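To keep things clear, I will list the structure first and then write my remarks on it.
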Amino acid sequence: MSEDDERQQSPPSDLDFVSTKARNCNATGSGSAYPDQVLNNVLENVLHFLTSKRDRNAASLVCKSWYRVEALTRSELLIGNCYAVSPARVTARFARVRALHLKGKPRFADFNLMPPDWGAHFNPWALAMAKAYPWLEKVHLKRMSVTDDDLVTLAELFLGFKELSLVCCDGFGTGGLAIFVNKCRQLKVLDLIDSEVTDDDTDWISCFPEGESHLESLIFDCVECHVNFEALERLVARSPSLKKLRLNRYVSIEQLYRLMIRAPQLTHLGTGSFSPSEIAGQGDQEPDYVNAFAACKSLVCLSGFREIIPDYLPAIYPVCANLTSLNFSYANITAEQLKPIISKCHKLEVFWVLDSICDEGLQAVAVTCKELRELRVFPVDAREDSDGLVSDVGLRAISEGCRKLQSILYFCQQMTNAAVIAMSKNCPDLVVFRLCIMGRRRADHVTGEPMDDGFGAIVMNCKKLTRLAVSGLLTDKAFDYIGRHGKLIRTLSVAFAGDSDIGLKYVLEGCPQLQKLEIRDSPFGDAALRSGLHHYYNMRFLWMSSCSLTRHGCQEIAHAMPHLVVEVIRSADEEEMDTAAEILYMYRSLEGPRTDVPKFVTIL
Amino acid sequence: MEVNYENGLNLKATELRLGLPGSDEPERQTTPRPNKRTSSEISSSGLTDDGNDDHQASAPPAKAQVVGWPPIRSYRKNCIQAKKNEVEGGTGRYVKVSVDGAAYLRKIDLHVYGSYPELLEALEKMFKLTIGAYSEREGYNGSEYAPTYEDKDGDWMLVGDVPWEMFISSCKRLRIMKGSEARGLGCI
C-alpha cells in the first residue's frame with residue numbers, strides 16, 4: 001500500500017478491491033489466470049471477520065501471503081508496550097488501522113516507584129498515525145504522556161475522529177481539552193479515567209460546538225477543577241445519544257438532578273459529589289431525587305459519590321434492582337448505611353467499596369449479591385499500621401455467598417490461611433486474585449504461620465487463574481506452589497516476599513504463560529534473574545525494584561538477549577556508576593534501545 | 001515492645017536511653033520521594049511482628065511509611081484523606097452553647113450525638129428547659145425556646161433544617177433563643 005498525501009476520509013474499502021479483481025478475472029475469460037489473487041481476495045474477505053488479536057497473530061504466522069493479507073485487514077491495533085515496536089514499523093506493516101490501543105508505563109509507576117518523565121510519549125505515535133491513517137477513529141491510551149499539542153493533532157489531523165479514551169495518563173490540561181472538543185465535530189466518546197489533568201483555567205465544557213452533538217460517552221470524574229455547569233447542562237440537553245456520563249466532584253447533587261432529568265436514557269452515571277452545594281437556600285424546596293433516579297430506567301452502572309452526604313442515599317433505591325455495577329469506592333459509609341441499598345441489588349456483578357463498611361457490610365453483600373463477579377475493597381486509611389476494618393471474616397463471608405466470583409482485590413490489615421483456602425474452594429471461577437495485606441510480611445494472625453498455604457490453595461484450586469498478587473509473610477514455598485500449579489498465570493505481583501533466589505526460580509521455570517512480572521523489595525538476585533533467560537522473550541516485561549540485583553547481573557542478561565531492552569533506573573539525584581541495580585525494567589522489543597531516554601535511565 | 005534480634009544481639013533491650021521504655025519515635029516519612037538506594041524500607045525495626053501482638057502493653061510506635069506501599073494510587077489516597085480530615089477536624093465537634101438569659105456558656109461535642117432528637121434532648125437536660133418538636137414548616141413554633149446555630153458563612157440558622165451530617169460539619173456555635181424572638185422564627 002502506498003502512502004498518499006491526501007487526507008482520506010476512509011481507508012480503501014475491501015469490497016472495491018474485490019469487485020475490481022473479479023471484473024478483471026471475468027474480462028480475460030480465464031478465471032484461473034489469477035488464482036493467487038482470487039485466493040487473496042477470498043482470504044481478505046474471510047480474515048476481515050477475525051477480530052481477536054490472538055487469532056490474527058496466529059493467522060499472520062501461517063505463511064507470507066496470509067501475513068500480508070492479515071496486515072491489510074487488521075483494523076484494530078493493540079500494542080501492550082509502546083516501546084516494543086516503533087510507529088514506523090507499525091505503519092509500514094498495517095495499512096488500514098482504524099483504532100489504536102497503546103500502553104506505556106509499567107503499573108508500578110502508579111505508586112511513585114519511578115521518577116516522573118520516564119517516557120511513554122504519545123507524540124511520535126500521534127504524528128506517525130496522522131500521516132499513515134488519516135481515517136483513524138479511535139485512540140485508547142493507558143499510562144502514556146499526552147501533551148496538549150497531541151490533543152490538537154488528534155483533533156485537526158484526523159477528520160472523522162470519534163473516540164478518545166485516556167486512562168492513567170498525564171501531561172495535558174484543560175487548555176488542550178478545549179481545543180480538542182471544539183475541533184472534533186464527530187466526537188462520540190471522551191473518557192478521562194484516573195488521569196491527571198492540569199487546570200489551565202480554561203472552560204473546556206463551553207468549547208463543545210453548538211448544535212446537536214454525537215456524544216455517547218462523557219467521563220471526566222478525575223478532572224480536578226470546576227466546570228461551567230450551565231454549559232454542561234446545555235451540552236447534555238443537545239446530546240440525545242448520551243449513554244454514559246460521569247461527573248467530577250465539583251458537580252453538586254442539585255446540579256446532578258438537573259442533568260438527570262434531561263438525560264433519563266443514561267445507562268452509566270457517575271454522580272459527582274452527591275452532596276448539596278453550600279449555597280443551598282434554606283427555604284428552597286429540595287428536588288425530587290428519588291423521581292429523577294426512577295426515571296432512569298436503563299441505568300445499570302452507578303459510581304461517583306465523591307463527597308457523599310449519606311442522608312441522600314435513599315434516592316438511588318429505584319435503580320438498585322437493575323444495577324449490574326456499583327462503585328462506592330469514594331464513599332466513606334458504614335455497614336448500616338450500606339445495607340438498605342445492597343439488599344436491593346440482586347443483579348449486581350461488579351462492586352467497588354471502601355472498607356468502612358467493615359466485615360458486617362461484606363456479610364450483607366454476600367447475602368444478596370449472588371451474581372457478583374468482581375469485588376474490590378479499598379482502604380479508607382491506606383497505611384500499614386491503621387486499624388483493620390475488614391479481615392478474614394469478610395473474605396470468608398464473600399466466598400460463601402458469592403460463588404460466581406471471578407475477580408477480587410482486597411485490602412486488609414490481617415488475614416488467615418483458612419479464609420483464603422475457603423475462598424479457593426468456594427470460588428473455583430476465580431481468574432484474578434489480588435490480596436493486599438497492608439502490614440508488610442504479616443503472618444496468619446491466628447496461627448502465626450506464613451501465608452504460603454493460603455496462596456498455594458488459590459493456585460491449586462482456581463484452575464482458571466490468570467492474575468495473582470501476593471502479600472503477607474511468604475517463604476519460598478509459596479513460590480514453589482505458584483510455579484507448580486499456576487500454569488495459566490499471566491500477571492504476577494510480588495512485594496516484600498520470599499527468602500532466596502530459589503523463590504523467583506520456581507516462578508520463572510514453572511509458569512509458561514507468564515507475561516508480566518512485577519516484584520519489589522524481595523531478596524532475589526542475579527542468579528534468579530539468570531534462570532529466566534529461556535522465557536524473557538515470551539514476556540511483555542519484568543520489573544524488579546529494591547531487590548538484590550547488581551548492574552553486572554543485569555548486564556549479563558542484556559548481553560545474552562539482544563532483543564531485550566534492559567533499563568536500569570535510579571532516582572534522579574543518584575550517581576551513575578553504581579553497582580546495585582535499584583530498579584530493573586526490562587522488556588522485549590523489535591527496536592533496540594529507545595532514543596528518548598531521560599538522564600536517570602541507563603540502557604545496558 | 002518490639003524485640004529486634006539483628007545480628008543475634010538484642011540491641012533495643014540493652015540500649016541506654018533517657019526516655020521511658022516503649023517511647024520510640026522512628027522517622028515518619030509520609031511524602032513519597034524518588035527512590036534512594038536503600039531507603040525503600042525506612043523503618044529500622046526491620047521485620048514486622050509475627051502476628052502475636054497481644055503481649056504489647058501500649059500501642060506500637062507508628063511505623064515509618066514506605067514509598068508506594070500499600071499500592072494505592074495517590075489520587076485515591078488524597079481523595080479519601082481529604083474527606084477524613086473534613087469529617088474529623090471540621091468546624092463541628094466542640095461548640096459553645098449559649099442560652100438567652102443564662103449566666104455562662106457551655107460546650108458540647110457534636111460528635112457524641114447521632115441525630116437531632118439526641119442533640120435536642122441533651123440540650124434540654126443540660127439547661128433544664130423544653131425545646132419541643134421541630135416541624136419543617138413552623139420550626140419550633142409553640143415552644144418558648146428555639147435552637148439556632150451559626151454556620152460556616154456566619155449566618156444564624158434554625159437547627160434541624162439541613163441533614164445531620166451537613167449540620168455537624170458546618171455548625172460553629174449554638175444559641176438557644178428565648179421568648180418573643182424565638183416565637184418570631186416560627187412565623188417566617
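Quick note on naming: the chains in the C-alpha cells go A, B, ... in the order shown, residues restart at 1 in each chain, and ligands are numbered from 1 in order of appearance.
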**Message:** Taking only C-alpha atoms into account, find every residue of chain A that has an atom no more than 6 Å from chain B, and write it out as JSON, numbers by chain.
**Reply:** {"A": [110, 111, 112, 115, 438, 443, 445, 448, 571]}
For segment 113-128 of chain B, work out the shell of residues within 7 Å, counting only C-alpha atoms and skipping chain neighbours fewer than 2 positions away, then give it as a ChimeraX atom specification. /B:110-111,130-131,160,164
Compile the contact shell of segment 220-236 of chain A as a tab-separated table (two decimals) with C-alpha atoms, in the first residue's frame: residues with an atom at most 9 Å away, counting only C-alpha atoms, same-chain residues fewer than 3 positions apart removed.
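Result file is out_15.tsv:
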```tsv
chain	number	residue	atom	x	y	z
A	174	THR	CA	-7.99	21.81	30.19
A	190	LEU	CA	-14.38	11.31	25.57
A	191	ASP	CA	-13.33	9.18	28.52
A	192	LEU	CA	-10.85	10.62	31.02
A	193	ILE	CA	-10.27	7.95	33.64
A	194	ASP	CA	-7.85	8.24	36.55
A	195	SER	CA	-5.80	10.74	34.57
A	196	GLU	CA	-4.07	13.84	35.79
A	197	VAL	CA	-5.45	16.92	34.08
A	198	THR	CA	-3.83	20.27	34.80
A	199	ASP	CA	-6.14	23.17	35.45
A	201	ASP	CA	-8.26	27.82	33.89
A	203	ASP	CA	-13.69	26.44	30.38
A	204	TRP	CA	-13.43	23.40	28.14
A	205	ILE	CA	-17.05	22.30	28.51
A	206	SER	CA	-18.13	25.50	26.79
A	207	CYS	CA	-15.95	24.64	23.84
A	208	PHE	CA	-18.08	21.82	22.50
A	210	GLU	CA	-23.13	24.24	19.16
A	212	GLU	CA	-26.70	18.57	18.13
A	213	SER	CA	-23.75	16.57	19.42
A	215	LEU	CA	-21.73	12.35	22.25
A	239	SER	CA	-26.76	15.09	23.20
A	240	PRO	CA	-29.63	12.69	22.55
A	242	LEU	CA	-25.57	10.25	25.52
A	245	LEU	CA	-21.95	10.42	31.93
A	246	ARG	CA	-19.51	10.52	34.83
A	247	LEU	CA	-19.26	13.86	36.59
A	248	ASN	CA	-16.47	15.18	38.77
A	249	ARG	CA	-16.78	16.14	42.42
A	250	TYR	CA	-17.45	19.78	41.62
A	251	VAL	CA	-20.96	18.94	40.48
A	255	GLN	CA	-26.90	20.07	39.57
A	258	ARG	CA	-30.94	18.92	36.59
A	259	LEU	CA	-28.73	16.77	34.36
A	262	ARG	CA	-32.52	15.91	30.82
A	263	ALA	CA	-30.91	12.53	30.23
A	270	GLY	CA	-21.13	8.98	37.85
A	271	THR	CA	-22.93	11.18	40.36
A	272	GLY	CA	-20.24	13.72	41.16
A	304	GLY	CA	-19.31	8.82	41.95
B	75	TYR	CA	-5.29	10.28	43.58
```
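Shortest separation to Tyr149 of chain B among B:Ala133, B:Tyr104, B:Val112, B:Val95 occurs at residue B:Val95, atoms counted being only C-alpha atoms.
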May I have all residues of segment 27-148 of chain A that DSSP, computed from the backbone, assigns to helix (DSSP H, G or I), given as a VMD selection string? chain A and resid 27 to 28 35 to 47 53 to 60 64 to 73 87 to 93 107 to 111 123 to 132 148
**OP:** Check segment 308-339 of chain A with DSSP on the backbone and list each residue it calls strand (DSSP E), as a ChimeraX atom specification.
**Re:** /A:325-328
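Across B:Trp156, B:Ile108, B:Ile176, B:Ile168, the tightest approach to Tyr140 of chain B is made by B:Ile176 when counting only C-alpha atoms.
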Separating atom CA of Arg442 of chain A from atom CA of Arg383 of chain A, to the nearest tenth of an Å, is a gap of 13.8 Å
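One finds atom CA of Lys162 of chain A at 21.9 Å from atom CA of Phe49 of chain A.
With only C-alpha atoms as the atoms that count, the minimum distance from Val431 of chain A to the choices A:Glu374, A:Asp385, A:Asp596, A:Glu591 is reached by A:Glu374.
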Atom pair atom CA of Ser589 of chain A + atom CA of Thr147 of chain A, distance 24.7 Å
